Amino acid sequence: MAVAADLDRATDSKWDWVADHTRTYLASGGTEGHENNGVHTLVLATTGRRSGVARRTCLIYGRSGDAYVVVASKGGADEDPAWFTNLVADPSVGVQAGTERFTARARVASAAEREVLWPRMAQIFPLYDEYAGKTDRTIPIVLLTPEAAPLS
């Protein structure tokens, strides 16, 4: 079960550029790395479904009501990203969005929600449409709903 405190002790992404972005983001308290040319990113901590180890990564996000919305694209790969399979196995996650840090509950958007959210997310990051064209899988959209008031 990942919680907000896991953001500081989680294992970084195996991708160096993602790990560097994550470390800079967290070291700055969320003031660096949160926004780039109008695109916002958050740091997500999940629990490894096999290892039980907390893992973290940075993801582009949008908003839908109180929920933060992320896309499990993996650049259009034919398999889901590890962070996605981890949160499906255990939906308790830690999140830092800008300077706000909180524990959230993750859930996969329903087909009806996805129909509304996909165009919004593709407007934020147009490469999502290209990624969808590279794979036969339906790229999942995940909603991260804070469990309590954010800790700033």
# chains A, B, ... in the order shown; residues from 1 in each chain; ligands from 1
>>> residues_around(residues="A:Glu130", least_positions_apart="5", cutoff="10 Å", atoms="only C-alpha atoms", output="ChimeraX atom specification")
/A:75-76,122,135
>>> residues_around(residues="A:Ala132", least_positions_apart="2", cutoff="10 Å", atoms="only C-alpha atoms", output="PyMOL selection string")
chain A and resi 73-78+127-130+134-139
>>> closest_residue(among="A:Gly38, A:Pro81, A:Gly33, A:Pro146", to="A:Gly62", atoms="only C-alpha atoms")
A:Gly38
>>> closest_residue(among="A:Thr145, A:Thr47, A:Thr57, A:Thr99", to="A:Trp15", atoms="only C-alpha atoms")
A:Thr57
>>> residues_around(residues="stretch 17-29 of chain A", least_positions_apart="6", cutoff="8 Å", atoms="only C-alpha atoms", output="ChimeraX atom specification")
/A:8,43,56-58,98-99
>>> write_last_selection(atoms="C-alpha atoms", output="CSV table (one decimal), in the first residue's frame")
chain,number,residue,atom,x,y,z
A,8,ASP,CA,10.6,10.2,-0.5
A,43,VAL,CA,5.0,12.2,-9.2
A,56,ARG,CA,7.9,6.2,-8.3
A,57,THR,CA,7.6,7.9,-11.7
A,58,CYS,CA,6.6,11.2,-13.2
A,98,GLY,CA,3.2,20.7,-7.6
A,99,THR,CA,3.6,21.5,-4.0
>>> closest_residue(among="A:Val3, A:Val70, A:Val53, A:Ala45", to="A:Met121", atoms="only C-alpha atoms")
A:Val70
>>> select_by_dssp(residues="chain A", states="helix (DSSP H, G or I)", output="ChimeraX atom specification")
/A:6-9,16-27,74-76,82-89,111-124,127-134
